[in-house]
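Source file: entry21.txt (compact mmCIF, C-alpha atoms and all ligand atoms)
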# COMPACT_ATOMS: atom_id res chain seq x y z
CA MET J 263 -27.30 -145.43 15.28
CA GLU J 264 -29.19 -147.76 17.65
CA ALA J 265 -29.75 -150.24 14.78
CA ALA J 266 -26.02 -150.20 13.98
CA ARG J 267 -25.17 -150.77 17.64
CA ALA J 268 -27.60 -153.70 17.83
CA LYS J 269 -25.58 -155.43 15.09
CA LEU J 270 -22.31 -155.11 17.06
CA MET J 271 -21.14 -158.21 18.85
CA THR J 272 -20.57 -157.40 22.53
CA PHE J 273 -17.60 -158.93 24.32
CA ASP J 274 -17.07 -158.90 28.07
CA LEU J 275 -13.48 -157.82 27.55
CA ILE J 276 -11.29 -156.51 24.75
CA VAL J 277 -7.56 -156.70 25.44
CA ILE J 278 -5.38 -154.49 23.25
CA GLY J 279 -1.85 -155.86 22.84
CA GLY J 280 -0.54 -159.44 22.69
CA GLY J 281 2.61 -159.22 24.83
CA PRO J 282 3.02 -160.96 28.23
CA ALA J 283 0.67 -158.51 30.02
CA GLY J 284 -2.13 -158.75 27.43
CA CYS J 285 -1.94 -162.56 27.27
CA ALA J 286 -1.87 -162.94 31.07
CA ALA J 287 -5.07 -160.86 31.22
CA SER J 288 -6.85 -162.53 28.32
CA ILE J 289 -6.00 -166.09 29.47
CA THR J 290 -7.05 -165.38 33.08
CA ALA J 291 -10.34 -163.75 32.00
CA ALA J 292 -11.21 -166.44 29.43
CA ARG J 293 -10.50 -169.29 31.87
CA ALA J 294 -12.86 -167.58 34.37
CA GLY J 295 -15.63 -167.74 31.75
CA ALA J 296 -15.48 -164.24 30.17
CA ARG J 297 -15.98 -163.67 26.45
CA VAL J 298 -12.62 -162.18 25.43
CA LEU J 299 -11.34 -160.59 22.21
CA GLN J 300 -7.67 -159.68 21.89
CA PHE J 301 -5.93 -157.56 19.26
CA GLU J 302 -2.22 -157.58 18.42
CA ARG J 303 -0.69 -155.10 15.97
CA GLY J 304 2.18 -157.42 14.95
CA ARG J 305 2.51 -161.13 14.27
CA PHE J 306 4.15 -163.97 16.25
CA PRO J 307 6.77 -165.27 16.50
CA ARG J 308 9.08 -162.26 16.47
CA HIS J 309 12.19 -161.10 18.24
CA LYS J 310 11.79 -158.23 20.70
CA VAL J 311 14.29 -156.04 22.54
CA CYS J 312 14.52 -157.59 26.03
CA GLY J 313 17.16 -159.05 28.35
CA GLU J 314 14.96 -162.23 28.52
CA PHE J 315 15.61 -162.61 32.26
CA VAL J 316 12.41 -163.90 33.87
CA SER J 317 12.55 -163.44 37.63
CA ALA J 318 11.62 -166.34 39.93
CA GLU J 319 8.62 -164.46 41.39
CA SER J 320 6.56 -164.99 38.24
CA LEU J 321 7.69 -168.45 37.11
CA GLU J 322 4.82 -170.23 38.86
CA LEU J 323 2.27 -167.85 37.29
CA LEU J 324 3.89 -168.34 33.87
CA ARG J 325 3.66 -172.13 34.36
CA GLN J 326 -0.07 -171.78 35.08
CA LEU J 327 -0.76 -169.47 32.13
CA VAL J 328 0.99 -171.61 29.56
CA CYS J 329 -1.11 -174.47 28.18
CA HIS J 330 -0.02 -178.01 28.99
CA ASP J 331 1.61 -178.79 25.62
CA HIS J 332 3.91 -175.76 25.94
CA ALA J 333 5.03 -176.60 29.51
CA GLN J 334 8.65 -177.09 28.43
CA LEU J 335 8.95 -173.34 27.85
CA VAL J 336 9.45 -173.07 31.61
CA THR J 337 10.76 -176.54 32.50
CA HIS J 338 13.54 -176.48 29.84
CA ALA J 339 14.50 -172.81 30.27
CA PRO J 340 18.15 -172.28 31.33
CA LYS J 341 18.31 -171.32 35.00
CA ILE J 342 20.20 -168.20 36.12
CA PRO J 343 21.47 -168.75 39.69
CA ARG J 344 23.97 -165.86 39.83
CA THR J 345 24.80 -162.41 38.58
CA ARG J 346 28.13 -160.83 37.71
CA ILE J 347 28.34 -157.05 37.69
CA PHE J 348 31.21 -155.44 35.77
CA LEU J 349 31.67 -151.83 36.88
CA GLU J 350 34.73 -149.57 37.12
CA ASN J 351 37.19 -152.49 36.54
CA ALA J 352 35.54 -154.43 39.42
CA GLU J 353 33.72 -157.74 39.02
CA LEU J 354 31.05 -158.36 41.67
CA VAL J 355 29.44 -161.76 41.99
CA GLY J 356 26.09 -162.32 43.69
CA LYS J 357 23.55 -165.14 44.04
CA VAL J 358 20.16 -164.95 42.32
CA SER J 359 18.12 -166.96 44.79
CA PRO J 360 15.77 -168.56 43.93
CA PRO J 361 17.23 -168.76 40.41
CA ALA J 362 15.64 -166.82 37.56
CA ALA J 363 14.99 -168.36 34.12
CA SER J 364 16.08 -167.30 30.68
CA VAL J 365 13.29 -167.40 28.07
CA THR J 366 13.55 -165.81 24.61
CA ARG J 367 10.78 -163.40 23.65
CA PHE J 368 10.59 -165.27 20.35
CA ASP J 369 9.29 -168.29 22.30
CA LEU J 370 7.63 -166.61 25.30
CA ASP J 371 5.31 -164.33 23.33
CA ARG J 372 4.40 -167.01 20.76
CA VAL J 373 3.61 -169.58 23.46
CA LEU J 374 1.50 -167.12 25.49
CA TRP J 375 -0.39 -166.08 22.35
CA ASN J 376 -1.10 -169.72 21.44
CA SER J 377 -2.12 -170.42 25.04
CA ALA J 378 -4.62 -167.54 24.83
CA ILE J 379 -6.16 -169.09 21.72
CA GLN J 380 -6.27 -172.51 23.40
CA SER J 381 -7.94 -170.93 26.43
CA GLY J 382 -10.82 -169.70 24.26
CA VAL J 383 -9.70 -166.12 23.51
CA ASP J 384 -10.68 -164.76 20.07
CA ALA J 385 -7.10 -163.58 19.40
CA ARG J 386 -6.44 -161.58 16.21
CA GLU J 387 -2.90 -160.85 14.97
CA GLY J 388 -1.92 -158.15 12.47
CA SER J 389 -4.82 -156.10 13.84
CA PRO J 390 -3.84 -152.69 15.25
CA VAL J 391 -6.44 -150.87 17.31
CA GLN J 392 -6.85 -147.33 16.02
CA CYS J 393 -8.82 -145.79 18.88
CA VAL J 394 -11.21 -146.52 21.72
CA THR J 395 -14.32 -144.42 22.39
CA GLY J 396 -17.16 -144.54 24.92
CA THR J 397 -17.25 -146.16 28.34
CA ALA J 398 -18.98 -149.41 29.35
CA PRO J 399 -19.82 -150.18 26.60
CA PHE J 400 -16.59 -149.19 24.87
CA LEU J 401 -16.21 -149.07 21.09
CA VAL J 402 -12.86 -150.40 19.91
CA ASN J 403 -11.96 -149.44 16.35
CA THR J 404 -9.78 -151.52 14.02
CA ALA J 405 -9.57 -151.85 10.24
CA GLU J 406 -12.33 -154.53 10.61
CA GLY J 407 -14.67 -151.84 12.00
CA PRO J 408 -15.88 -151.13 15.54
CA LEU J 409 -16.40 -153.80 18.19
CA GLU J 410 -18.13 -153.39 21.51
CA ALA J 411 -17.00 -154.49 24.98
CA LYS J 412 -18.08 -154.02 28.59
CA ALA J 413 -14.45 -153.47 29.62
CA VAL J 414 -11.17 -152.72 27.83
CA ILE J 415 -7.61 -153.39 28.96
CA ASN J 416 -4.75 -151.40 27.46
CA ALA J 417 -1.73 -153.72 27.17
CA THR J 418 -0.03 -151.95 24.27
CA GLY J 419 3.32 -151.61 26.04
CA ARG J 420 5.62 -148.72 26.83
CA TRP J 421 4.76 -146.43 23.93
CA SER J 422 1.82 -146.71 21.53
CA ASN J 423 -0.97 -144.71 19.89
CA LEU J 424 -2.97 -145.34 23.12
CA THR J 425 -0.30 -143.87 25.45
CA SER J 426 -1.93 -141.10 27.47
CA PRO J 427 -0.99 -137.42 27.03
CA GLN J 428 0.14 -137.41 30.69
CA ILE J 429 2.80 -140.07 30.02
CA ARG J 430 3.80 -138.50 26.68
CA ALA J 431 4.43 -135.27 28.59
CA ARG J 432 6.95 -137.09 30.82
CA THR J 433 9.50 -137.54 28.04
CA THR J 434 12.60 -135.61 29.00
CA GLY J 435 15.40 -134.40 26.74
CA GLU J 436 17.26 -137.70 27.36
CA ARG J 437 16.84 -140.28 24.60
CA TRP J 438 17.37 -143.90 25.67
CA ILE J 439 17.29 -146.75 23.18
CA GLY J 440 17.32 -150.54 23.49
CA ILE J 441 19.32 -152.90 21.21
CA LYS J 442 19.58 -156.68 21.34
CA ALA J 443 20.80 -159.70 19.38
CA HIS J 444 21.61 -163.37 19.98
CA PHE J 445 25.13 -164.72 19.49
CA ARG J 446 26.77 -168.14 19.63
CA GLU J 447 29.42 -168.32 22.34
CA PRO J 448 31.88 -171.23 22.69
CA ARG J 449 31.34 -171.49 26.45
CA SER J 450 29.06 -169.40 28.67
CA SER J 451 28.65 -168.74 32.35
CA GLN J 452 25.23 -169.64 33.86
CA SER J 453 24.83 -166.06 35.03
CA VAL J 454 23.30 -162.76 34.05
CA ASP J 455 26.30 -160.50 33.41
CA LEU J 456 25.76 -156.75 33.58
CA TYR J 457 28.41 -154.51 32.00
CA PHE J 458 28.00 -150.86 33.06
CA PHE J 459 29.69 -147.99 31.21
CA ASP J 460 29.17 -144.23 30.74
CA GLY J 461 25.85 -143.82 28.94
CA GLY J 462 24.29 -147.21 29.64
CA TYR J 463 24.73 -150.91 30.28
CA CYS J 464 24.61 -154.24 28.47
CA GLY J 465 23.24 -157.49 29.92
CA VAL J 466 24.48 -160.86 28.65
CA GLN J 467 22.98 -164.23 29.58
CA PRO J 468 22.68 -167.69 28.03
CA VAL J 469 19.33 -168.31 26.33
CA SER J 470 19.97 -171.91 25.35
CA VAL J 471 21.91 -174.64 27.11
CA SER J 472 25.02 -176.09 25.55
CA GLN J 473 24.27 -179.18 23.46
CA ASN J 474 27.01 -181.73 22.64
CA GLY J 475 29.69 -179.08 23.07
CA ALA J 476 28.22 -177.08 20.18
CA GLY J 477 28.28 -173.87 22.24
CA THR J 478 25.61 -171.78 23.86
CA MET J 479 23.38 -169.04 22.49
CA VAL J 480 23.65 -165.82 24.49
CA ASN J 481 21.44 -162.74 24.42
CA ALA J 482 23.23 -159.38 24.51
CA CYS J 483 20.78 -156.60 25.29
CA ALA J 484 21.76 -152.98 25.93
CA MET J 485 20.00 -149.91 27.19
CA VAL J 486 21.98 -146.84 26.14
CA ARG J 487 21.71 -143.11 25.64
CA ALA J 488 21.30 -142.47 21.92
CA GLU J 489 24.39 -140.26 21.89
CA ALA J 490 26.50 -143.02 23.57
CA ALA J 491 25.84 -145.84 21.07
CA THR J 492 23.65 -146.64 18.10
CA SER J 493 24.81 -150.22 17.39
CA LEU J 494 25.79 -153.26 19.43
CA GLN J 495 29.36 -152.88 18.18
CA ASP J 496 29.43 -149.35 19.76
CA VAL J 497 28.07 -150.90 22.97
CA PHE J 498 30.72 -153.65 23.05
CA SER J 499 33.47 -151.07 22.46
CA ALA J 500 32.26 -149.09 25.50
CA HIS J 501 33.43 -151.78 27.97
CA PRO J 502 36.88 -153.46 27.64
CA ALA J 503 35.81 -156.80 29.22
CA LEU J 504 32.69 -156.97 27.04
CA LEU J 505 34.68 -156.10 23.92
CA GLU J 506 37.12 -158.91 24.68
CA ARG J 507 34.29 -161.40 25.36
CA SER J 508 32.36 -160.45 22.22
CA ARG J 509 35.39 -161.17 20.00
CA HIS J 510 34.51 -164.88 20.38
CA TRP J 511 30.86 -164.49 19.36
CA ILE J 512 29.14 -165.37 16.09
CA ALA J 513 25.94 -163.44 15.32
CA ALA J 514 22.81 -165.65 15.24
CA MET J 515 20.32 -162.94 14.20
CA ASP J 516 20.16 -159.35 12.98
CA PRO J 517 19.97 -156.89 15.89
CA VAL J 518 16.59 -155.42 16.84
CA THR J 519 16.17 -151.95 18.35
CA THR J 520 13.51 -149.98 20.21
CA SER J 521 12.95 -146.43 21.47
CA PRO J 522 11.93 -144.30 23.29
CA LEU J 523 12.33 -145.61 26.84
CA VAL J 524 10.36 -143.40 29.23
CA PHE J 525 10.38 -144.29 32.94
CA HIS J 526 7.35 -143.29 34.95
CA GLU J 527 5.31 -144.24 37.99
CA PRO J 528 2.15 -146.29 37.49
CA GLU J 529 -0.85 -144.92 35.59
CA LEU J 530 -3.27 -147.77 36.23
CA SER J 531 -6.30 -146.51 34.36
CA HIS J 532 -6.89 -144.04 31.55
CA ASN J 533 -10.22 -143.13 29.92
CA SER J 534 -11.82 -145.91 32.06
CA MET J 535 -9.52 -148.57 30.52
CA LEU J 536 -7.40 -150.61 32.91
CA GLN J 537 -3.68 -150.38 32.09
CA ILE J 538 -1.31 -153.28 32.68
CA GLY J 539 2.35 -154.18 32.07
CA ASP J 540 4.44 -151.45 30.46
CA SER J 541 1.30 -149.46 29.56
CA ALA J 542 0.87 -148.94 33.29
CA THR J 543 4.51 -148.28 34.08
CA PHE J 544 8.02 -148.82 32.74
CA VAL J 545 10.74 -149.63 35.27
CA ASP J 546 14.47 -149.64 34.68
CA PRO J 547 15.09 -152.97 32.90
CA PHE J 548 18.33 -153.88 34.72
CA ILE J 549 16.41 -155.26 37.71
CA GLY J 550 14.76 -157.75 35.32
CA ASP J 551 11.19 -157.37 36.60
CA GLY J 552 9.30 -156.05 33.55
CA ILE J 553 8.01 -159.42 32.33
CA SER J 554 7.11 -160.44 35.87
CA LEU J 555 5.22 -157.18 36.41
CA ALA J 556 3.47 -157.62 33.05
CA LEU J 557 2.29 -161.16 33.88
CA GLN J 558 1.23 -160.32 37.41
CA SER J 559 -0.58 -157.06 36.57
CA GLY J 560 -2.37 -158.75 33.63
CA ALA J 561 -3.65 -161.59 35.81
CA LEU J 562 -4.59 -159.14 38.58
CA ALA J 563 -6.61 -156.88 36.23
CA ALA J 564 -8.58 -159.87 34.92
CA GLN J 565 -9.26 -161.15 38.45
CA CYS J 566 -10.52 -157.71 39.55
CA LEU J 567 -12.85 -157.49 36.51
CA ALA J 568 -14.42 -160.93 37.12
CA PRO J 569 -17.09 -159.69 39.63
CA PHE J 570 -18.01 -156.89 37.18
CA PHE J 571 -18.63 -159.42 34.36
CA LYS J 572 -20.90 -161.39 36.75
CA GLY J 573 -22.87 -158.20 37.52
CA GLU J 574 -21.65 -158.19 41.15
CA CYS J 575 -19.96 -154.76 41.02
CA SER J 576 -19.56 -151.68 38.82
CA LEU J 577 -16.63 -151.06 36.47
CA GLU J 578 -15.55 -148.19 38.76
CA GLN J 579 -15.40 -150.59 41.72
CA ALA J 580 -13.43 -153.18 39.72
CA THR J 581 -10.99 -150.45 38.60
CA SER J 582 -10.52 -149.19 42.13
CA ASP J 583 -9.94 -152.79 43.37
CA TYR J 584 -7.29 -153.24 40.66
CA CYS J 585 -5.50 -149.99 41.62
CA ALA J 586 -5.47 -150.93 45.32
CA ALA J 587 -4.27 -154.51 44.67
CA TYR J 588 -1.55 -153.31 42.26
CA LYS J 589 -0.20 -150.83 44.81
CA ARG J 590 -0.29 -153.45 47.58
CA LYS J 591 1.30 -156.29 45.64
CA LEU J 592 3.47 -154.80 42.92
CA SER J 593 4.73 -151.36 43.90
CA ARG J 594 7.86 -152.78 45.62
CA VAL J 595 9.44 -152.95 42.15
CA PHE J 596 9.83 -149.13 42.07
CA ARG J 597 11.50 -149.10 45.46
CA ASN J 598 13.88 -151.81 44.26
CA SER J 599 14.86 -150.15 41.01
CA SER J 600 15.38 -146.76 42.66
CA ARG J 601 17.57 -148.36 45.40
CA LEU J 602 19.92 -149.85 42.83
CA ARG J 603 19.86 -146.76 40.64
CA ARG J 604 20.93 -144.64 43.65
CA LEU J 605 23.86 -147.00 44.28
CA LEU J 606 25.01 -146.84 40.67
CA GLN J 607 24.77 -143.04 40.65
CA TRP J 608 27.13 -142.54 43.58
CA PRO J 609 30.07 -140.35 42.55
CA SER J 610 33.13 -142.34 41.49
CA ILE J 611 35.12 -141.21 44.56
CA VAL J 612 32.60 -142.99 46.85
CA ARG J 613 31.68 -145.80 44.47
CA LYS J 614 35.24 -147.08 43.92
CA PRO J 615 35.99 -147.92 47.61
CA ALA J 616 32.46 -149.35 48.02
CA LEU J 617 33.02 -151.59 45.00
CA SER J 618 36.33 -152.76 46.38
CA ILE J 619 34.59 -153.84 49.65
CA LEU J 620 31.83 -155.61 47.70
CA GLN J 621 34.41 -157.37 45.54
CA ARG J 622 36.05 -158.85 48.63
CA THR J 623 32.74 -159.84 50.30
CA PRO J 624 30.41 -161.60 47.80
CA ALA J 625 27.89 -162.24 50.63
CA ILE J 626 27.13 -158.49 50.73
CA THR J 627 26.68 -158.42 46.94
CA SER J 628 24.25 -161.36 47.21
CA MET J 629 22.37 -159.49 49.93
CA LEU J 630 22.11 -156.41 47.67
CA VAL J 631 20.80 -158.56 44.82
CA ARG J 632 18.24 -160.09 47.25
CA MET J 633 17.13 -156.58 48.25
CA THR J 634 16.10 -155.92 44.64
CA ARG J 635 13.69 -158.88 44.58
C1 LIG J 701 16.41 -152.86 26.80
C2 LIG J 701 15.36 -153.60 27.58
C3 LIG J 701 15.70 -154.75 28.29
C4 LIG J 701 14.74 -155.43 29.05
N1 LIG J 701 15.10 -156.55 29.73
C5 LIG J 701 14.20 -157.20 30.51
C6 LIG J 701 14.54 -158.39 31.21
O1 LIG J 701 15.66 -158.92 31.10
N2 LIG J 701 13.59 -158.98 32.01
C7 LIG J 701 12.33 -158.44 32.15
O2 LIG J 701 11.54 -158.99 32.91
N3 LIG J 701 11.97 -157.33 31.45
C8 LIG J 701 12.86 -156.71 30.63
N4 LIG J 701 12.48 -155.60 29.90
C9 LIG J 701 11.11 -155.11 30.04
C10 LIG J 701 10.11 -156.01 29.28
O3 LIG J 701 10.52 -156.16 27.95
C11 LIG J 701 8.72 -155.38 29.35
O4 LIG J 701 8.45 -155.00 30.68
C12 LIG J 701 7.62 -156.33 28.85
O5 LIG J 701 7.79 -156.59 27.49
C13 LIG J 701 6.24 -155.70 29.08
O6 LIG J 701 5.25 -156.51 28.50
P1 LIG J 701 3.89 -155.84 27.95
O7 LIG J 701 3.03 -156.96 27.53
O8 LIG J 701 3.39 -154.83 28.90
O9 LIG J 701 4.34 -154.99 26.68
P2 LIG J 701 4.94 -155.51 25.26
O10 LIG J 701 5.74 -156.73 25.47
O11 LIG J 701 5.62 -154.30 24.72
O12 LIG J 701 3.65 -155.87 24.43
C14 LIG J 701 2.79 -154.87 23.92
C15 LIG J 701 2.17 -155.40 22.63
O13 LIG J 701 1.14 -154.49 22.21
C16 LIG J 701 1.15 -154.41 20.78
N5 LIG J 701 0.51 -153.15 20.39
C17 LIG J 701 0.98 -151.88 20.52
N6 LIG J 701 0.08 -151.00 20.07
C18 LIG J 701 -1.00 -151.71 19.64
C19 LIG J 701 -2.27 -151.36 19.07
N7 LIG J 701 -2.60 -150.10 18.86
N8 LIG J 701 -3.12 -152.36 18.74
C20 LIG J 701 -2.79 -153.67 18.96
N9 LIG J 701 -1.60 -154.05 19.50
C21 LIG J 701 -0.72 -153.09 19.84
C22 LIG J 701 2.66 -154.46 20.45
O14 LIG J 701 2.85 -154.87 19.11
C23 LIG J 701 3.18 -155.47 21.48
O15 LIG J 701 3.22 -156.79 20.99
C24 LIG J 701 13.40 -154.94 29.09
C25 LIG J 701 13.05 -153.82 28.33
C26 LIG J 701 14.00 -153.16 27.58
C27 LIG J 701 13.60 -151.96 26.76
Using C-alpha cells, write down the structure that the file contains.
Ligand SMILES: Cc1cc2nc3c(=O)[nH]c(=O)nc-3n(C[C@H](O)[C@H](O)[C@H](O)COP(=O)(O)OP(=O)(O)OC[C@H]3O[C@@H](n4cnc5c(N)ncnc54)[C@H](O)[C@@H]3O)c2cc1C
Amino acid sequence: MEAARAKLMTFDLIVIGGGPAGCAASITAARAGARVLQFERGRFPRHKVCGEFVSAESLELLRQLVCHDHAQLVTHAPKIPRTRIFLENAELVGKVSPPAASVTRFDLDRVLWNSAIQSGVDAREGSPVQCVTGTAPFLVNTAEGPLEAKAVINATGRWSNLTSPQIRARTTGERWIGIKAHFREPRSSQSVDLYFFDGGYCGVQPVSVSQNGAGTMVNACAMVRAEAATSLQDVFSAHPALLERSRHWIAAMDPVTTSPLVFHEPELSHNSMLQIGDSATFVDPFIGDGISLALQSGALAAQCLAPFFKGECSLEQATSDYCAAYKRKLSRVFRNSSRLRRLLQWPSIVRKPALSILQRTPAITSMLVRMTR
C-alpha cells in the first residue's frame, strides 16, 4: 500500500469540472505557483443550456482570467445595456447599468479551458472523476487510476455524481428543466428580454452583433416546469409576444436541454473538498448571476488555498477562510434573487396595478433592476 502510494504523483490541487468555476480556480491557483490537475467529463467546445448573460460585476475578472490571445472574447462581446420584461401583457423597460455582456458558452468555456492550459494547468478532457476518497492527501479516481492531491475542489456543477446527499435530499416534487437554442433574427434589440408565463420564463438576447445587415444571432433560453413545456416550440406558444417574435427566426443549432434544476443555499465544503460555482449553490437563473458567481467563487477558493500550499496554514483554516469570504462577498446574490422572486409571485390582483405603475415610470423599473445587482 505504502509502495503504491509512493508511486502516485502528488498535486497541490485537483479541480473536478471544467466549467467557469473550475477554470477560474485552476487558472488562479496555477498562476500563483500551485501544481494543478483538472478533470472535465466532457469535451470543448460544446453548447450548454444558459442564458449567456454575463453580469458586469465579473467582466473584469473574466478579462484577467482569459489569456491575452483570447482577449476579444470580452472586448468583442455584444453589450446588454437594458432589459425588457414581458409579463401579464405589460412591457417594462429598465437600464442594465453598467451594461452586461453576452458571451456564448460555446466560446466562454472553450476559451477558459484553453486559458487554463496556457496558465500551466494539466487539464484533461473526456475524463470523468468517479469518486474521491481520503483527506489531505485526497485520492481522486478516474479511468486512468488514482491520483493524489493536497486539496480538491468540486466544480462539477449543479448536479453530478459528487453532489452531496444533503443537496440530493432537497429535490422537491417540482421538476424544472432548461432548454436553449440559437436562432437568426432579422433585427434584434440590444437588450435581455424576459418573457414570463405560467410555468416558467424564456430569456432572449443577441449573442452576436449584426454584420453587414445579415441579421443577428439570438439565444433563446427557457427555464420551465416539465409539465408546462418540453420543447422550445411549447415555450414560444406559452407567450403571445414571444410566439409572434419567434415566427421570424431561423434555427441555427439543435436545442440542448438540462435537468434537474434544484435551488439551494450554499454548501461550501463537503467531505473536506471546497465547493464552488453551482456545486456550492444554484440560484434562480433569471437574475443572470450564475456565471459571475462561478468565476468569483472559483478565484476566491484558489486564493484561500494559496497559504495552505505554502505551508502557512492548515486545510481546515483555508476552508474556513473560504466560507467566511464567500458569505461576506457573494451572499448578496441570494437576497437579490429572492427579492425578485417575491415580486413575481405577488397575486395577479396586486401585480397587475403594480405593473401598470412600473410601465408608466421606467425609472422605477431601472431602480428595481439595479437592486438585483
Ligand atoms: C436555464 C438556465 C439559464 C441560465 N442562464 C444564465 C445566465 O444568463 N447568466 C448566468 O450568469 N448564469 C446562467 N445560468 C447559470 C449558469 O449556467 C451556471 O451558474 C454556471 O454554468 C455555473 O458554472 P459551474 O462551472 O459551476 O458549472 P458548469 O458550468 O455546470 O460546469 C461543471 C462542469 O463539470 C463537469 N463535470 C460534472 N461531473 C464531473 C465529473 N464527475 N468529473 C469531471 N467533470 C465533471 C461538467 O461536464 C461541466 O462541464 C443559467 C442556468 C440555467 C439552467
Please give me, as a compact mmCIF listing (two decimals) with C-alpha atoms, in the frame of the given file, the residues lying within 7 Å of ligand LIG 701 (chain J) when counting all atoms listed in the file.
# COMPACT_ATOMS: atom_id res chain seq x y z
CA ILE J 278 -5.38 -154.49 23.25
CA GLY J 279 -1.85 -155.86 22.84
CA GLY J 280 -0.54 -159.44 22.69
CA GLY J 281 2.61 -159.22 24.83
CA PRO J 282 3.02 -160.96 28.23
CA ALA J 283 0.67 -158.51 30.02
CA GLY J 284 -2.13 -158.75 27.43
CA PHE J 301 -5.93 -157.56 19.26
CA GLU J 302 -2.22 -157.58 18.42
CA ARG J 303 -0.69 -155.10 15.97
CA GLY J 304 2.18 -157.42 14.95
CA VAL J 311 14.29 -156.04 22.54
CA CYS J 312 14.52 -157.59 26.03
CA GLY J 313 17.16 -159.05 28.35
CA GLU J 314 14.96 -162.23 28.52
CA PHE J 315 15.61 -162.61 32.26
CA VAL J 316 12.41 -163.90 33.87
CA SER J 317 12.55 -163.44 37.63
CA SER J 389 -4.82 -156.10 13.84
CA PRO J 390 -3.84 -152.69 15.25
CA VAL J 391 -6.44 -150.87 17.31
CA GLN J 392 -6.85 -147.33 16.02
CA ALA J 417 -1.73 -153.72 27.17
CA THR J 418 -0.03 -151.95 24.27
CA GLY J 419 3.32 -151.61 26.04
CA ARG J 420 5.62 -148.72 26.83
CA SER J 422 1.82 -146.71 21.53
CA ASN J 423 -0.97 -144.71 19.89
CA LEU J 424 -2.97 -145.34 23.12
CA GLY J 440 17.32 -150.54 23.49
CA ILE J 441 19.32 -152.90 21.21
CA CYS J 483 20.78 -156.60 25.29
CA ALA J 484 21.76 -152.98 25.93
CA MET J 485 20.00 -149.91 27.19
CA THR J 520 13.51 -149.98 20.21
CA LEU J 523 12.33 -145.61 26.84
CA ILE J 538 -1.31 -153.28 32.68
CA GLY J 539 2.35 -154.18 32.07
CA ASP J 540 4.44 -151.45 30.46
CA SER J 541 1.30 -149.46 29.56
CA PHE J 544 8.02 -148.82 32.74
CA PRO J 547 15.09 -152.97 32.90
CA PHE J 548 18.33 -153.88 34.72
CA GLY J 550 14.76 -157.75 35.32
CA ASP J 551 11.19 -157.37 36.60
CA GLY J 552 9.30 -156.05 33.55
CA ILE J 553 8.01 -159.42 32.33
CA SER J 554 7.11 -160.44 35.87
CA LEU J 555 5.22 -157.18 36.41
CA ALA J 556 3.47 -157.62 33.05
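With all atoms listed in the file as the basis for measurement, J:Ala488 is the residue among J:Leu409, J:Cys393, J:Leu401, J:Ala488 that approaches Gly435 in chain J most closely.
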Counting only C-alpha atoms, which residue out of J:Ser451, J:Thr581, J:Ser593, J:Ser470 sits closest to Ala339 in chain J? J:Ser470
What separation in Å, quoted to one decimal, exists between CA of Leu354 in chain J and CA of Arg449 in chain J? 20.1 Å
Nearest to Phe348 in chain J, chosen from J:Ala561, J:Cys464, J:Ala443, J:Ala625, with only C-alpha atoms counted in the distances: J:Cys464
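Closest approach to Val480 in chain J among J:Gln452, J:Ser499, J:Ser618, J:Asn416 is made by J:Gln452 (distances from all atoms listed in the file).
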Would you kindly return, as a ChimeraX atom specification, each protein, DNA or RNA residue with an atom no farther than 7 Å from any atom of Ser381 in chain J, considering all atoms listed in the file and excluding same-chain residues fewer than 2 positions away? /J:289,292-293,377-379,383
Can you report as JSON the centre and edge lengths in Å, to one decimal, of an axis-aligned box around the listed atoms of range 486-502 of chain J padded with 6 Å on each side?
{"center_x": 29.1, "center_y": -147.0, "center_z": 22.7, "size_x": 27.6, "size_y": 25.4, "size_z": 22.6}
Within 6 Å of (-10.6, -152.0, 23.9) (coordinates as in the file), grab all the protein and nucleic acid residues, counting all atoms listed in the file, and write them out as a PDB file with C-alpha atoms, keeping the file's coordinate frame.
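Everything below was put into out_4.pdb:
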ATOM      1  CA  ILE J 276     -11.290-156.510  24.750  1.00  0.00           C
ATOM      2  CA  VAL J 277      -7.560-156.700  25.440  1.00  0.00           C
ATOM      3  CA  ILE J 278      -5.380-154.490  23.250  1.00  0.00           C
ATOM      4  CA  VAL J 394     -11.210-146.520  21.720  1.00  0.00           C
ATOM      5  CA  VAL J 402     -12.860-150.400  19.910  1.00  0.00           C
ATOM      6  CA  VAL J 414     -11.170-152.720  27.830  1.00  0.00           C
TER       7      VAL J 414
END
Selection: 10 Å around Ser508 in chain J, all atoms listed in the file, excl. self and same-chain fewer than 2 positions, as number ranges by chain: J: 445-447, 482, 495, 498-499, 502-506, 510-513
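Nearest to Gln467 in chain J of all the residues J:Arg344, J:Arg386, J:Arg372, J:Lys589 is J:Arg344, based on all atoms listed in the file.
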So the first atom is CA of Thr272 in chain J and the second is CA of Lys572 in chain J; what is the distance between them in Å, to one decimal place? 14.8 Å
CA of Asp455 in chain J and CA of Thr492 in chain J are how many Å apart?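 So the answer is 20.8 Å.
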Nearby residues, (9.1, -144.0, 35.1) file frame, 12 Å, only C-alpha atoms, as a compact mmCIF listing (two decimals) with C-alpha atoms, keeping the file's coordinate frame:
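To be explicit, this is the file written out as out03.txt:
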# COMPACT_ATOMS: atom_id res chain seq x y z
CA ARG J 420 5.62 -148.72 26.83
CA GLN J 428 0.14 -137.41 30.69
CA ILE J 429 2.80 -140.07 30.02
CA ARG J 430 3.80 -138.50 26.68
CA ALA J 431 4.43 -135.27 28.59
CA ARG J 432 6.95 -137.09 30.82
CA THR J 433 9.50 -137.54 28.04
CA THR J 434 12.60 -135.61 29.00
CA LEU J 523 12.33 -145.61 26.84
CA VAL J 524 10.36 -143.40 29.23
CA PHE J 525 10.38 -144.29 32.94
CA HIS J 526 7.35 -143.29 34.95
CA GLU J 527 5.31 -144.24 37.99
CA PRO J 528 2.15 -146.29 37.49
CA GLU J 529 -0.85 -144.92 35.59
CA ASP J 540 4.44 -151.45 30.46
CA SER J 541 1.30 -149.46 29.56
CA ALA J 542 0.87 -148.94 33.29
CA THR J 543 4.51 -148.28 34.08
CA PHE J 544 8.02 -148.82 32.74
CA VAL J 545 10.74 -149.63 35.27
CA ASP J 546 14.47 -149.64 34.68
CA PRO J 547 15.09 -152.97 32.90
CA VAL J 595 9.44 -152.95 42.15
CA PHE J 596 9.83 -149.13 42.07
CA ARG J 597 11.50 -149.10 45.46
CA SER J 599 14.86 -150.15 41.01
CA SER J 600 15.38 -146.76 42.66
Can you work out which one of J:Pro427, J:Gly388, J:Ile347, J:Ser521 has the shortest atom-to-atom distance to Tyr463 in chain J, counting only C-alpha atoms?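 So, comparing all the options, the nearest one is J:Ile347.
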